[in-house]
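Novice: Handing over coords08.txt, compact mmCIF, C-alpha atoms.
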```txt
# COMPACT_ATOMS: atom_id res chain seq x y z
CA MET Y 1 -93.93 -64.67 30.58
CA GLN Y 2 -92.33 -68.00 29.78
CA GLN Y 3 -92.02 -66.90 26.18
CA ILE Y 4 -90.33 -63.65 27.10
CA ILE Y 5 -87.76 -65.49 29.21
CA ASN Y 6 -87.20 -67.97 26.42
CA PHE Y 7 -86.74 -65.13 23.97
CA VAL Y 8 -84.20 -63.41 26.20
CA LEU Y 9 -82.31 -66.66 26.73
CA ARG Y 10 -82.25 -67.51 23.05
CA TYR Y 11 -81.00 -64.13 21.93
CA LYS Y 12 -78.88 -63.35 24.94
CA SER Y 13 -75.65 -62.81 23.01
CA PHE Y 14 -77.36 -60.58 20.50
CA LEU Y 15 -79.02 -58.58 23.28
CA LEU Y 16 -75.70 -58.26 25.10
CA TYR Y 17 -74.00 -57.18 21.88
CA PHE Y 18 -76.74 -54.66 21.19
CA LEU Y 19 -76.55 -53.24 24.70
CA LEU Y 20 -72.77 -52.84 24.61
CA LEU Y 21 -72.83 -51.36 21.13
CA THR Y 22 -75.45 -48.85 22.21
CA ILE Y 23 -73.35 -47.82 25.19
CA ALA Y 24 -70.29 -47.38 22.97
CA LEU Y 25 -72.22 -45.40 20.35
CA ALA Y 26 -73.85 -43.24 23.02
CA PHE Y 27 -70.45 -42.27 24.41
CA THR Y 28 -69.11 -41.62 20.91
CA ILE Y 29 -72.03 -39.53 19.69
CA GLN Y 30 -72.40 -37.60 22.92
CA SER Y 31 -68.83 -36.37 22.58
CA HIS Y 32 -69.57 -35.15 19.06
CA SER Y 33 -71.83 -32.48 20.47
CA TYR Y 34 -70.11 -31.84 23.76
CA HIS Y 35 -66.51 -31.63 24.97
CA GLN Y 36 -64.36 -34.75 24.85
CA SER Y 37 -65.93 -37.47 26.95
CA ARG Y 38 -65.43 -37.01 30.67
CA PHE Y 39 -64.71 -40.73 31.11
CA PHE Y 40 -62.81 -41.75 28.02
CA ASN Y 41 -59.68 -39.70 28.21
CA SER Y 42 -56.10 -40.51 28.97
CA SER Y 43 -55.70 -37.97 31.78
CA ASN Y 44 -56.91 -40.48 34.37
CA TRP Y 45 -54.64 -42.01 36.97
CA VAL Y 46 -53.91 -45.40 35.37
CA THR Y 47 -53.26 -44.30 31.80
CA GLY Y 48 -51.46 -41.15 32.95
CA ASN Y 49 -48.99 -43.11 35.03
CA ILE Y 50 -48.37 -45.73 32.36
CA TYR Y 51 -47.67 -43.02 29.80
CA GLU Y 52 -45.48 -41.18 32.32
CA THR Y 53 -43.38 -44.32 32.88
CA SER Y 54 -43.06 -44.99 29.17
CA HIS Y 55 -42.18 -41.33 28.59
CA GLY Y 56 -39.51 -41.55 31.29
CA ILE Y 57 -37.76 -44.18 29.19
CA SER Y 58 -38.25 -42.76 25.71
CA SER Y 59 -37.56 -39.12 26.64
CA TYR Y 60 -33.81 -39.80 26.61
CA PHE Y 61 -33.75 -40.34 22.88
CA GLY Y 62 -34.47 -36.85 21.56
CA LEU Y 63 -32.56 -34.97 24.25
CA SER Y 64 -29.93 -33.22 22.13
CA GLU Y 65 -32.51 -32.05 19.60
CA GLU Y 66 -34.76 -30.80 22.38
CA ASN Y 67 -31.79 -28.99 23.94
CA LYS Y 68 -31.09 -27.22 20.67
CA LYS Y 69 -34.70 -26.06 20.46
CA LEU Y 70 -34.64 -24.68 23.99
CA VAL Y 71 -31.28 -22.93 23.47
CA ASN Y 72 -32.68 -21.31 20.32
CA GLU Y 73 -35.68 -20.10 22.25
CA ASN Y 74 -33.46 -18.76 25.01
CA LYS Y 75 -31.38 -16.95 22.42
CA ARG Y 76 -34.46 -15.32 20.96
CA LEU Y 77 -35.78 -14.30 24.36
CA LYS Y 78 -32.38 -12.91 25.43
CA THR Y 79 -32.21 -10.84 22.24
CA LEU Y 80 -35.63 -9.43 23.05
CA LEU Y 81 -34.62 -8.74 26.63
CA PHE Y 82 -31.36 -6.96 25.78
CA ASN Y 83 -32.97 -4.76 23.16
CA ARG Y 84 -35.85 -3.79 25.36
CA GLU Y 85 -36.16 -0.14 26.23
CA THR Y 86 -34.97 0.08 29.79
CA THR Y 87 -37.57 1.22 32.24
CA ASP Y 88 -36.84 2.30 35.76
CA SER Y 89 -40.13 1.22 37.23
CA ILE Y 90 -40.38 -2.14 38.94
CA ALA Y 91 -42.88 -4.57 37.46
CA LEU Y 92 -45.85 -4.89 39.74
CA ASP Y 93 -48.03 -7.95 40.16
CA SER Y 94 -50.98 -6.05 38.78
CA THR Y 95 -49.23 -5.61 35.42
CA ILE Y 96 -49.05 -9.37 34.85
CA ASN Y 97 -51.72 -10.53 32.42
CA TYR Y 98 -50.56 -14.08 31.76
CA THR Y 99 -49.00 -16.76 33.94
CA VAL Y 100 -47.08 -19.63 32.39
CA VAL Y 101 -46.63 -23.23 33.56
CA ALA Y 102 -44.14 -25.58 31.87
CA ALA Y 103 -45.09 -29.21 31.19
CA ARG Y 104 -43.96 -32.19 29.17
CA VAL Y 105 -45.91 -34.15 26.59
CA ILE Y 106 -46.32 -37.79 27.64
CA LYS Y 107 -48.62 -38.85 24.80
CA ASN Y 108 -48.95 -37.29 21.38
CA SER Y 109 -51.19 -38.20 18.47
CA PHE Y 110 -51.65 -36.68 15.03
CA THR Y 111 -53.12 -39.39 12.79
CA ASP Y 112 -56.76 -39.40 13.97
CA GLN Y 113 -59.59 -37.07 13.09
CA ARG Y 114 -59.56 -35.74 16.62
CA ASN Y 115 -56.16 -35.69 18.16
CA TYR Y 116 -55.53 -35.24 21.85
CA ILE Y 117 -52.22 -34.73 23.61
CA THR Y 118 -51.62 -35.74 27.22
CA ILE Y 119 -49.32 -33.64 29.43
CA ASN Y 120 -47.89 -34.30 32.87
CA LYS Y 121 -49.37 -31.33 34.75
CA GLY Y 122 -52.89 -31.23 36.14
CA LYS Y 123 -55.16 -29.70 38.77
CA ASN Y 124 -52.36 -29.78 41.35
CA ASP Y 125 -50.47 -27.27 39.22
CA SER Y 126 -53.67 -25.22 38.81
CA ILE Y 127 -54.23 -26.27 35.23
CA LYS Y 128 -57.87 -25.78 34.26
CA GLN Y 129 -60.04 -26.43 31.25
CA ASP Y 130 -59.72 -23.95 28.34
CA MET Y 131 -56.18 -22.78 29.04
CA GLY Y 132 -53.98 -22.29 25.99
CA VAL Y 133 -51.01 -24.57 25.32
CA ILE Y 134 -48.02 -23.37 23.24
CA THR Y 135 -44.51 -24.55 22.43
CA SER Y 136 -41.38 -22.54 21.76
CA GLU Y 137 -42.31 -22.47 18.06
CA GLY Y 138 -46.06 -21.90 18.01
CA ILE Y 139 -49.45 -22.82 19.35
CA LEU Y 140 -50.42 -26.40 20.14
CA GLY Y 141 -53.97 -26.51 21.50
CA ILE Y 142 -56.35 -25.93 24.39
CA VAL Y 143 -56.64 -27.86 27.68
CA GLU Y 144 -59.73 -30.04 27.61
CA ASN Y 145 -59.76 -32.37 30.64
CA THR Y 146 -57.71 -32.39 33.83
CA SER Y 147 -57.04 -34.90 36.59
CA GLU Y 148 -54.90 -34.38 39.69
CA ASN Y 149 -51.58 -34.79 37.90
CA PHE Y 150 -52.37 -34.96 34.19
CA ALA Y 151 -54.31 -33.09 31.55
CA THR Y 152 -55.47 -33.79 28.00
CA VAL Y 153 -55.06 -31.08 25.38
CA GLN Y 154 -57.27 -30.74 22.32
CA SER Y 155 -54.65 -30.38 19.61
CA ILE Y 156 -55.08 -27.85 16.78
CA LEU Y 157 -55.10 -31.04 14.68
CA ASN Y 158 -58.66 -31.79 15.78
CA GLU Y 159 -61.78 -31.32 13.71
CA LYS Y 160 -63.45 -29.62 16.67
CA SER Y 161 -60.64 -27.09 17.09
CA ASN Y 162 -61.50 -23.47 16.28
CA ILE Y 163 -59.00 -20.76 17.21
CA ASN Y 164 -58.98 -17.04 16.50
CA ALA Y 165 -56.04 -16.11 14.25
CA LYS Y 166 -54.94 -13.17 12.16
CA ILE Y 167 -52.37 -12.08 9.61
CA LYS Y 168 -49.32 -10.65 11.32
CA ASN Y 169 -49.11 -6.85 11.47
CA SER Y 170 -52.70 -6.44 10.41
CA ASN Y 171 -56.01 -6.73 12.20
CA HIS Y 172 -57.81 -8.98 9.75
CA PHE Y 173 -58.75 -12.04 11.71
CA GLY Y 174 -60.38 -15.38 10.92
CA SER Y 175 -60.85 -18.85 12.39
CA LEU Y 176 -58.19 -21.52 12.37
CA ILE Y 177 -59.62 -24.99 11.68
CA TRP Y 178 -58.28 -28.33 10.49
CA ASP Y 179 -59.59 -30.32 7.51
CA THR Y 180 -58.11 -33.58 8.96
CA LYS Y 181 -56.02 -34.26 5.84
CA THR Y 182 -52.34 -33.59 6.62
CA TYR Y 183 -50.73 -33.08 10.00
CA ASN Y 184 -48.59 -30.09 9.06
CA VAL Y 185 -51.22 -27.96 7.32
CA VAL Y 186 -54.21 -26.22 8.96
CA GLN Y 187 -56.78 -23.89 7.40
CA LEU Y 188 -57.56 -20.24 8.10
CA VAL Y 189 -61.04 -19.21 6.97
CA ASP Y 190 -63.20 -16.07 7.06
CA ILE Y 191 -60.51 -13.62 5.92
CA PRO Y 192 -62.40 -11.11 3.69
CA ARG Y 193 -61.41 -10.98 0.01
CA PHE Y 194 -60.20 -7.38 -0.04
CA VAL Y 195 -57.24 -8.27 2.19
CA GLN Y 196 -53.90 -8.31 0.37
CA LEU Y 197 -52.32 -11.76 0.86
CA ASN Y 198 -48.95 -13.19 -0.15
CA VAL Y 199 -47.64 -16.74 0.02
CA GLY Y 200 -45.25 -16.85 2.96
CA ASP Y 201 -47.05 -14.30 5.14
CA THR Y 202 -47.01 -15.16 8.83
CA ILE Y 203 -50.18 -16.12 10.69
CA VAL Y 204 -50.37 -15.40 14.43
CA THR Y 205 -53.03 -15.72 17.12
CA GLY Y 206 -55.55 -12.89 17.25
CA ALA Y 207 -56.62 -10.70 20.14
CA MET Y 208 -60.23 -11.86 20.03
CA SER Y 209 -59.87 -14.86 22.31
CA SER Y 210 -59.13 -14.76 26.00
CA ILE Y 211 -57.27 -18.08 25.76
CA PHE Y 212 -54.07 -17.19 23.91
CA PRO Y 213 -52.05 -13.95 24.16
CA GLU Y 214 -51.92 -11.99 20.93
CA ASN Y 215 -49.16 -12.59 18.36
CA ILE Y 216 -48.21 -16.18 19.24
CA PRO Y 217 -46.82 -17.57 15.95
CA ILE Y 218 -48.83 -20.27 14.15
CA GLY Y 219 -47.40 -20.72 10.64
CA THR Y 220 -46.97 -19.25 7.18
CA ILE Y 221 -49.38 -19.06 4.24
CA LYS Y 222 -48.82 -22.01 1.90
CA LYS Y 223 -51.53 -21.20 -0.62
CA PHE Y 224 -54.86 -19.39 -0.67
CA ASN Y 225 -58.01 -19.23 -2.77
CA LEU Y 226 -61.49 -17.79 -2.54
CA ASP Y 227 -64.25 -19.98 -1.14
CA THR Y 228 -67.33 -20.95 -3.16
CA ALA Y 229 -69.21 -17.77 -2.24
CA LYS Y 230 -66.21 -15.72 -3.52
CA SER Y 231 -66.30 -13.40 -0.54
CA PHE Y 232 -63.85 -14.97 1.87
CA TYR Y 233 -60.43 -16.53 1.50
CA SER Y 234 -59.67 -20.10 2.49
CA ILE Y 235 -55.99 -20.24 3.37
CA ASP Y 236 -53.70 -23.25 3.84
CA VAL Y 237 -51.27 -22.57 6.68
CA ASP Y 238 -47.95 -24.40 7.04
CA LEU Y 239 -47.40 -24.91 10.78
CA PHE Y 240 -44.17 -23.76 12.47
CA ASN Y 241 -44.52 -26.60 14.96
CA ASP Y 242 -43.46 -30.07 13.95
CA MET Y 243 -46.58 -31.73 15.36
CA THR Y 244 -44.94 -35.16 15.26
CA ASN Y 245 -42.15 -34.18 17.62
CA ILE Y 246 -43.24 -32.19 20.66
CA LYS Y 247 -41.73 -32.53 24.10
CA ASN Y 248 -41.78 -29.32 26.13
CA VAL Y 249 -44.89 -27.16 26.23
CA TYR Y 250 -46.07 -24.09 28.13
CA ILE Y 251 -49.59 -23.65 29.45
CA VAL Y 252 -50.71 -20.03 29.33
CA ASN Y 253 -53.29 -18.74 31.76
CA ASN Y 254 -54.99 -15.41 31.19
CA VAL Y 255 -55.41 -13.94 34.68
CA TYR Y 256 -58.38 -11.84 33.61
CA LYS Y 257 -60.11 -14.61 31.64
CA SER Y 258 -63.00 -15.21 34.04
CA GLU Y 259 -63.56 -11.46 34.39
CA ILE Y 260 -63.69 -11.03 30.61
CA GLU Y 261 -66.04 -13.98 30.20
CA GLN Y 262 -68.36 -12.79 32.95
CA LEU Y 263 -68.56 -9.37 31.39
CA GLU Y 264 -69.26 -10.81 27.94
CA ALA Y 265 -71.95 -13.13 29.27
CA LYS Y 266 -73.57 -10.22 31.11
CA THR Y 267 -73.54 -8.06 27.98
CA LEU Y 268 -75.16 -10.81 25.95
CA ASN Y 269 -77.84 -11.34 28.59
CA ASN Y 270 -78.70 -7.66 28.63
CA ASP Y 271 -79.53 -7.64 24.93
CA MET W 272 -56.38 -76.54 33.13
CA ILE W 273 -59.24 -74.07 33.55
CA SER W 274 -57.20 -71.68 35.67
CA ASN W 275 -54.41 -72.00 33.13
CA TYR W 276 -56.80 -70.78 30.43
CA TYR W 277 -57.87 -67.81 32.50
CA PHE W 278 -54.31 -66.96 33.38
CA LEU W 279 -53.19 -67.13 29.76
CA ASN W 280 -56.03 -64.87 28.62
CA VAL W 281 -55.46 -62.28 31.34
CA ILE W 282 -51.76 -62.09 30.46
CA ARG W 283 -52.60 -61.89 26.77
CA PHE W 284 -55.16 -59.13 27.40
CA THR W 285 -52.73 -56.99 29.39
CA LEU W 286 -49.80 -57.50 27.07
CA LEU W 287 -51.83 -56.76 23.93
CA VAL W 288 -53.19 -53.53 25.41
CA LEU W 289 -49.73 -52.37 26.47
CA VAL W 290 -48.11 -53.32 23.17
CA GLN W 291 -50.91 -51.58 21.27
CA VAL W 292 -50.81 -48.27 23.13
CA LEU W 293 -47.09 -48.02 23.83
CA VAL W 294 -45.69 -49.34 20.54
CA PHE W 295 -48.20 -49.59 17.70
CA ASN W 296 -50.15 -46.40 18.41
CA ARG W 297 -46.88 -44.52 17.99
CA LEU W 298 -45.72 -46.23 14.81
CA ASN W 299 -47.19 -43.62 12.43
CA PHE W 300 -45.87 -45.46 9.41
CA PHE W 301 -46.18 -43.18 6.31
CA GLY W 302 -47.61 -40.59 8.67
CA PHE W 303 -50.92 -42.31 9.36
CA ILE W 304 -50.64 -46.10 9.59
CA ASN W 305 -51.05 -47.41 13.12
CA PRO W 306 -51.81 -51.15 12.96
CA MET W 307 -54.25 -52.50 15.54
CA VAL W 308 -52.68 -55.75 16.62
CA TYR W 309 -54.93 -56.16 19.66
CA ILE W 310 -57.45 -57.83 17.31
CA LEU W 311 -55.32 -60.95 17.79
CA PHE W 312 -57.09 -61.38 21.13
CA ILE W 313 -60.36 -62.03 19.30
CA TYR W 314 -58.54 -64.35 16.88
CA TRP W 315 -56.84 -66.35 19.61
CA TYR W 316 -59.64 -66.54 22.16
CA PRO W 317 -60.75 -70.15 22.78
CA ILE W 318 -63.78 -71.12 20.70
CA LYS W 319 -65.73 -73.20 23.18
CA GLU W 320 -65.82 -70.60 25.93
CA ASN W 321 -69.00 -68.85 27.04
CA ARG W 322 -70.10 -66.50 24.27
CA SER W 323 -71.53 -63.76 26.49
CA ALA W 324 -68.34 -63.61 28.53
CA PHE W 325 -66.35 -63.35 25.33
CA ILE W 326 -68.45 -60.42 24.08
CA ALA W 327 -68.18 -58.61 27.43
CA LEU W 328 -64.44 -59.20 27.51
CA SER W 329 -64.00 -57.82 23.99
CA PHE W 330 -65.93 -54.72 25.01
CA LEU W 331 -63.57 -54.29 27.93
CA LEU W 332 -60.56 -54.75 25.65
CA GLY W 333 -61.76 -52.07 23.25
CA LEU W 334 -62.59 -49.77 26.14
CA SER W 335 -59.08 -50.09 27.61
CA ILE W 336 -57.58 -49.13 24.25
CA ASP W 337 -59.99 -46.18 24.09
CA PHE W 338 -58.94 -44.95 27.50
CA PHE W 339 -55.36 -44.75 26.35
CA SER W 340 -55.85 -43.31 22.90
CA ASP W 341 -58.60 -40.70 23.57
CA THR W 342 -60.86 -42.17 20.89
CA MET W 343 -64.19 -41.95 22.75
CA ALA W 344 -65.59 -45.52 22.51
CA LEU W 345 -64.68 -46.27 18.89
CA ASN W 346 -62.47 -49.27 19.65
CA ALA W 347 -65.07 -50.69 22.03
CA ALA W 348 -67.81 -50.49 19.40
CA SER W 349 -65.77 -52.12 16.64
CA THR W 350 -64.24 -54.81 18.87
CA VAL W 351 -67.58 -55.85 20.30
CA THR W 352 -68.92 -56.08 16.75
CA ILE W 353 -66.29 -58.54 15.58
CA ALA W 354 -66.63 -60.51 18.81
CA TYR W 355 -70.35 -60.88 18.11
CA LEU W 356 -69.81 -61.75 14.45
CA ARG W 357 -66.98 -64.21 15.07
CA PRO W 358 -69.11 -67.41 14.97
CA THR W 359 -70.71 -66.24 11.70
CA ILE W 360 -67.33 -65.50 10.15
CA MET W 361 -65.97 -68.85 11.34
CA ARG W 362 -68.92 -70.72 9.85
CA PHE W 363 -68.26 -68.91 6.59
CA VAL W 364 -64.55 -69.70 6.56
CA PHE W 365 -64.37 -73.19 8.09
CA GLY W 366 -67.77 -74.54 7.12
CA VAL W 367 -69.70 -76.59 9.70
CA ASN W 368 -66.41 -78.16 10.85
CA PHE W 369 -65.83 -75.69 13.62
CA GLU W 370 -68.86 -76.81 15.59
CA PHE W 371 -67.28 -80.20 16.28
CA GLN W 372 -65.61 -80.78 19.63
CA SER W 373 -62.29 -81.72 18.04
CA PHE W 374 -62.00 -78.49 16.06
CA LYS W 375 -58.73 -76.63 16.57
CA LEU W 376 -57.54 -73.46 14.87
CA SER W 377 -54.07 -74.98 14.42
CA ASN W 378 -55.54 -77.92 12.48
CA THR W 379 -56.94 -75.74 9.70
CA THR W 380 -55.07 -74.73 6.59
CA LYS W 381 -52.98 -71.60 6.40
CA ALA W 382 -55.29 -70.09 3.80
CA GLN W 383 -58.31 -70.54 6.07
CA GLN W 384 -56.52 -68.95 9.01
CA ILE W 385 -55.49 -65.93 6.93
CA THR W 386 -59.01 -65.51 5.52
CA PHE W 387 -60.49 -65.69 9.00
CA LEU W 388 -58.05 -63.08 10.33
CA ALA W 389 -58.50 -60.85 7.28
CA LEU W 390 -62.29 -60.87 7.62
CA LEU W 391 -62.07 -59.97 11.30
CA ILE W 392 -59.74 -57.07 10.45
CA ILE W 393 -61.86 -55.78 7.56
CA VAL W 394 -65.06 -55.71 9.61
CA HIS W 395 -63.31 -54.14 12.58
CA HIS W 396 -61.60 -51.40 10.56
CA LEU W 397 -64.70 -50.64 8.53
CA VAL W 398 -66.77 -50.08 11.67
CA PHE W 399 -63.96 -48.16 13.34
CA PHE W 400 -63.23 -45.71 10.54
CA THR W 401 -66.89 -45.22 9.62
CA LEU W 402 -67.57 -44.13 13.18
CA GLU W 403 -64.38 -42.07 13.35
CA VAL W 404 -64.94 -40.12 10.13
CA PHE W 405 -68.70 -40.03 10.75
CA SER W 406 -69.82 -38.71 7.37
CA LEU W 407 -70.85 -40.41 4.13
CA GLU W 408 -69.21 -37.62 2.15
CA ASN W 409 -65.79 -38.95 3.08
CA PHE W 410 -66.51 -42.60 2.41
CA LEU W 411 -63.46 -42.79 0.14
CA LEU W 412 -61.29 -41.77 3.07
CA VAL W 413 -62.86 -44.56 5.14
CA LEU W 414 -62.07 -47.10 2.40
CA LYS W 415 -58.53 -45.81 1.97
CA LYS W 416 -57.85 -46.03 5.69
CA THR W 417 -59.50 -49.45 5.99
CA VAL W 418 -57.46 -50.92 3.15
CA SER W 419 -54.06 -49.44 4.00
CA ILE W 420 -54.22 -49.82 7.77
CA GLY W 421 -55.98 -53.18 7.43
CA LEU W 422 -53.11 -54.50 5.31
CA ALA W 423 -50.56 -53.35 7.86
CA THR W 424 -52.59 -54.91 10.67
CA LEU W 425 -52.88 -58.20 8.77
CA VAL W 426 -49.14 -58.43 8.08
CA LEU W 427 -48.23 -57.64 11.68
CA CYS W 428 -50.85 -60.00 13.09
CA LEU W 429 -49.53 -62.82 10.90
CA LEU W 430 -45.98 -62.10 12.07
CA PHE W 431 -47.11 -62.05 15.70
CA GLY W 432 -49.18 -65.14 15.12
CA SER W 433 -46.21 -67.12 13.87
CA LEU W 434 -43.96 -65.73 16.61
CA PHE W 435 -46.27 -66.77 19.44
CA SER W 436 -48.04 -69.65 17.77
CA ALA W 437 -50.18 -71.04 20.55
CA SER W 438 -49.29 -74.71 20.56
CA LYS W 439 -51.43 -75.34 23.66
CA GLU W 440 -54.69 -74.56 21.95
```
Could you write out this file's structure as structure tokens?
Specialist:
Amino acid sequence: MQQIINFVLRYKSFLLYFLLLTIALAFTIQSHSYHQSRFFNSSNWVTGNIYETSHGISSYFGLSEENKKLVNENKRLKTLLFNRETTDSIALDSTINYTVVAARVIKNSFTDQRNYITINKGKNDSIKQDMGVITSEGILGIVENTSENFATVQSILNEKSNINAKIKNSNHFGSLIWDTKTYNVVQLVDIPRFVQLNVGDTIVTGAMSSIFPENIPIGTIKKFNLDTAKSFYSIDVDLFNDMTNIKNVYIVNNVYKSEIEQLEAKTLNND
Amino acid sequence: MISNYYFLNVIRFTLLVLVQVLVFNRLNFFGFINPMVYILFIYWYPIKENRSAFIALSFLLGLSIDFFSDTMALNAASTVTIAYLRPTIMRFVFGVNFEFQSFKLSNTTKAQQITFLALLIIVHHLVFFTLEVFSLENFLLVLKKTVSIGLATLVLCLLFGSLFSASKE
């Protein structure tokens, strides 16, 4: 007994170090297999408020540029609205598939392997996990964690990100992933080789996921080549979004998402 | 005197965390270089203090940075590592000298100070990026990040060090 106590006392700093390192590694490795750690995210009260304060000061700097972006978006939406075929019927609530909440980015990151963005809307604005986040130019990511007033978003610049995407005006879809190399290029894989591709073609979100509406712009094809098995294309996609400069975002909620997921889960169980 | 020490370290802790997350995590120099100046806390921390407390405090420091930057517990793991290895590194750089009561960081030569700081940074960054990339395949990427970001960290730490040279220690 005496010897055990002596041993603990002699190596107490090593044991402490070992314990703390194990805790840190456990948290790190656990989040490799699961969603982003529940505890280590910047949507909590302290970090959220510090980022909000800092954002309140720095948000004044890019105002004119941000204004220009929003005016451009308005222009595009107005053009769509004016050229819409006029219908006499009044839009009913039951025809709404998606609801949209606007938020502001209070913390952005794009240099890590797994980038997360923090926004200033949370549970109080009925933001939930797995809602899609887009900007006026293209998609941004998926909501991962929420607190009362803040939420963290798993950016498309994250090695865990995997989003259904397709080539515009066709129905050939694949998965959008990121190889962690450059912050303005993502990869589209699993497009079969018989599809006719051209550099400059537009990539948009596909209809396969219940997170994003169909046809949200993502980027254009930068270059493409066949993968090692020679049966699928691996495509480099230039993003429309400037991921280094994002201020205003929209969170899209599919009203029927839970219904779709329930149905799919049921179908799988029946097999 | 004791309370003064505590006070100084608490202020230093808070300021370094804030400066790190609000300024240096947003630097994105060349698109990917974000120096980690909070390592200065390990460099500056008094030598004769309780070692266990120092290790626990370093863990806390890394954890606070992690909370802000959504990096799981990567900073905590690497910071606690250099806190644990600090006596070994100091013995390597300063020889047996540093075990004497009269030893002061400000009494050593500039070259020794820089070597000490550089070793801390190299170990920290190596652990950090190995855990972040988490694959042996991309070991070149780990080295590239360690060298480039380590250099930036070293330069900025030296600048900070000379700006706030702690004359009291």
Novice: Using only C-alpha atoms, give me every residue within 10 Å of (-59.6, -50.7, 4.6) in file coordinates, as a list in words.
Specialist: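 Every polymer residue passing the test: Ile392, Ile393, Val394, His395, His396, Leu397, Phe400, Leu411, Leu412, Val413, Leu414, Lys415, Lys416, Thr417, Val418, Ser419, Ile420, Gly421, Leu422 and Ala423 of chain W.
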Novice: Could you check which of Y:Glu159, Y:Glu73, Y:Glu66, Y:Glu264 is closest to chain W, using all atoms listed in the file?
Specialist: Y:Glu159
Novice: Please report the interatomic distance between atom CA of Y:Ile142 and atom CA of Y:Ile211 in Å with one decimal.
Specialist: 8.0 Å
Novice: Can you work out which one of Y:Lys75, Y:Arg193, Y:Lys230, Y:Lys181 has the shortest atom-to-atom distance to chain W, counting all atoms listed in the file?
Specialist: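 For chain W, the nearest of the candidates is Y:Lys181.
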Novice: Taking all atoms listed in the file into account, name the residue in Y:Asn248, Y:Ser43, Y:Asn215, Y:Asn115 that is nearest to Y:Asn171.
Specialist: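 That would be Y:Asn215, the residue with the smallest distance to Y:Asn171.
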Novice: Which residues of chain W are close to chain Y, meaning at most 8 Å apart when you count all atoms listed in the file, and how do they look as an MDAnalysis selection string?
Specialist: chainID W and resid 293 297 299 302:304 322:323 326:327 330 337:345 347:348 351:352 355 403:404
Novice: With distances taken over only C-alpha atoms, which residue among Y:Leu268, Y:Ile163, Y:Leu63, Y:Val195 lies nearest Y:Asn245?
Specialist: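 Comparing Y:Leu268, Y:Ile163, Y:Leu63, Y:Val195 against Y:Asn245, the winner is Y:Leu63.
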Novice: Any idea what the distance is between atom CA of W:Ser329 and atom CA of Y:Trp45?
Specialist: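 Separation between atom CA of W:Ser329 and atom CA of Y:Trp45: 22.5 Å.
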Novice: Within 12 Å of (-60.4, -26.5, 22.0) (file coordinates; all atoms listed in the file), which protein or nucleic acid residues are there? I'd like them as a PDB file with C-alpha atoms, keeping the file's coordinate frame.
Specialist:
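The resulting point_32.pdb:
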```pdb
ATOM      1  CA  TYR Y  34     -70.110 -31.840  23.760  1.00  0.00           C
ATOM      2  CA  HIS Y  35     -66.510 -31.630  24.970  1.00  0.00           C
ATOM      3  CA  GLN Y  36     -64.360 -34.750  24.850  1.00  0.00           C
ATOM      4  CA  ARG Y 114     -59.560 -35.740  16.620  1.00  0.00           C
ATOM      5  CA  ASN Y 115     -56.160 -35.690  18.160  1.00  0.00           C
ATOM      6  CA  TYR Y 116     -55.530 -35.240  21.850  1.00  0.00           C
ATOM      7  CA  ILE Y 117     -52.220 -34.730  23.610  1.00  0.00           C
ATOM      8  CA  GLN Y 129     -60.040 -26.430  31.250  1.00  0.00           C
ATOM      9  CA  ASP Y 130     -59.720 -23.950  28.340  1.00  0.00           C
ATOM     10  CA  MET Y 131     -56.180 -22.780  29.040  1.00  0.00           C
ATOM     11  CA  GLY Y 132     -53.980 -22.290  25.990  1.00  0.00           C
ATOM     12  CA  VAL Y 133     -51.010 -24.570  25.320  1.00  0.00           C
ATOM     13  CA  ILE Y 139     -49.450 -22.820  19.350  1.00  0.00           C
ATOM     14  CA  LEU Y 140     -50.420 -26.400  20.140  1.00  0.00           C
ATOM     15  CA  GLY Y 141     -53.970 -26.510  21.500  1.00  0.00           C
ATOM     16  CA  ILE Y 142     -56.350 -25.930  24.390  1.00  0.00           C
ATOM     17  CA  VAL Y 143     -56.640 -27.860  27.680  1.00  0.00           C
ATOM     18  CA  GLU Y 144     -59.730 -30.040  27.610  1.00  0.00           C
ATOM     19  CA  ASN Y 145     -59.760 -32.370  30.640  1.00  0.00           C
ATOM     20  CA  THR Y 152     -55.470 -33.790  28.000  1.00  0.00           C
ATOM     21  CA  VAL Y 153     -55.060 -31.080  25.380  1.00  0.00           C
ATOM     22  CA  GLN Y 154     -57.270 -30.740  22.320  1.00  0.00           C
ATOM     23  CA  SER Y 155     -54.650 -30.380  19.610  1.00  0.00           C
ATOM     24  CA  ILE Y 156     -55.080 -27.850  16.780  1.00  0.00           C
ATOM     25  CA  LEU Y 157     -55.100 -31.040  14.680  1.00  0.00           C
ATOM     26  CA  ASN Y 158     -58.660 -31.790  15.780  1.00  0.00           C
ATOM     27  CA  GLU Y 159     -61.780 -31.320  13.710  1.00  0.00           C
ATOM     28  CA  LYS Y 160     -63.450 -29.620  16.670  1.00  0.00           C
ATOM     29  CA  SER Y 161     -60.640 -27.090  17.090  1.00  0.00           C
ATOM     30  CA  ASN Y 162     -61.500 -23.470  16.280  1.00  0.00           C
ATOM     31  CA  ILE Y 163     -59.000 -20.760  17.210  1.00  0.00           C
ATOM     32  CA  ASN Y 164     -58.980 -17.040  16.500  1.00  0.00           C
ATOM     33  CA  LEU Y 176     -58.190 -21.520  12.370  1.00  0.00           C
ATOM     34  CA  ILE Y 177     -59.620 -24.990  11.680  1.00  0.00           C
ATOM     35  CA  TRP Y 178     -58.280 -28.330  10.490  1.00  0.00           C
ATOM     36  CA  SER Y 209     -59.870 -14.860  22.310  1.00  0.00           C
ATOM     37  CA  ILE Y 211     -57.270 -18.080  25.760  1.00  0.00           C
ATOM     38  CA  PHE Y 212     -54.070 -17.190  23.910  1.00  0.00           C
TER      39      PHE Y 212
END
```
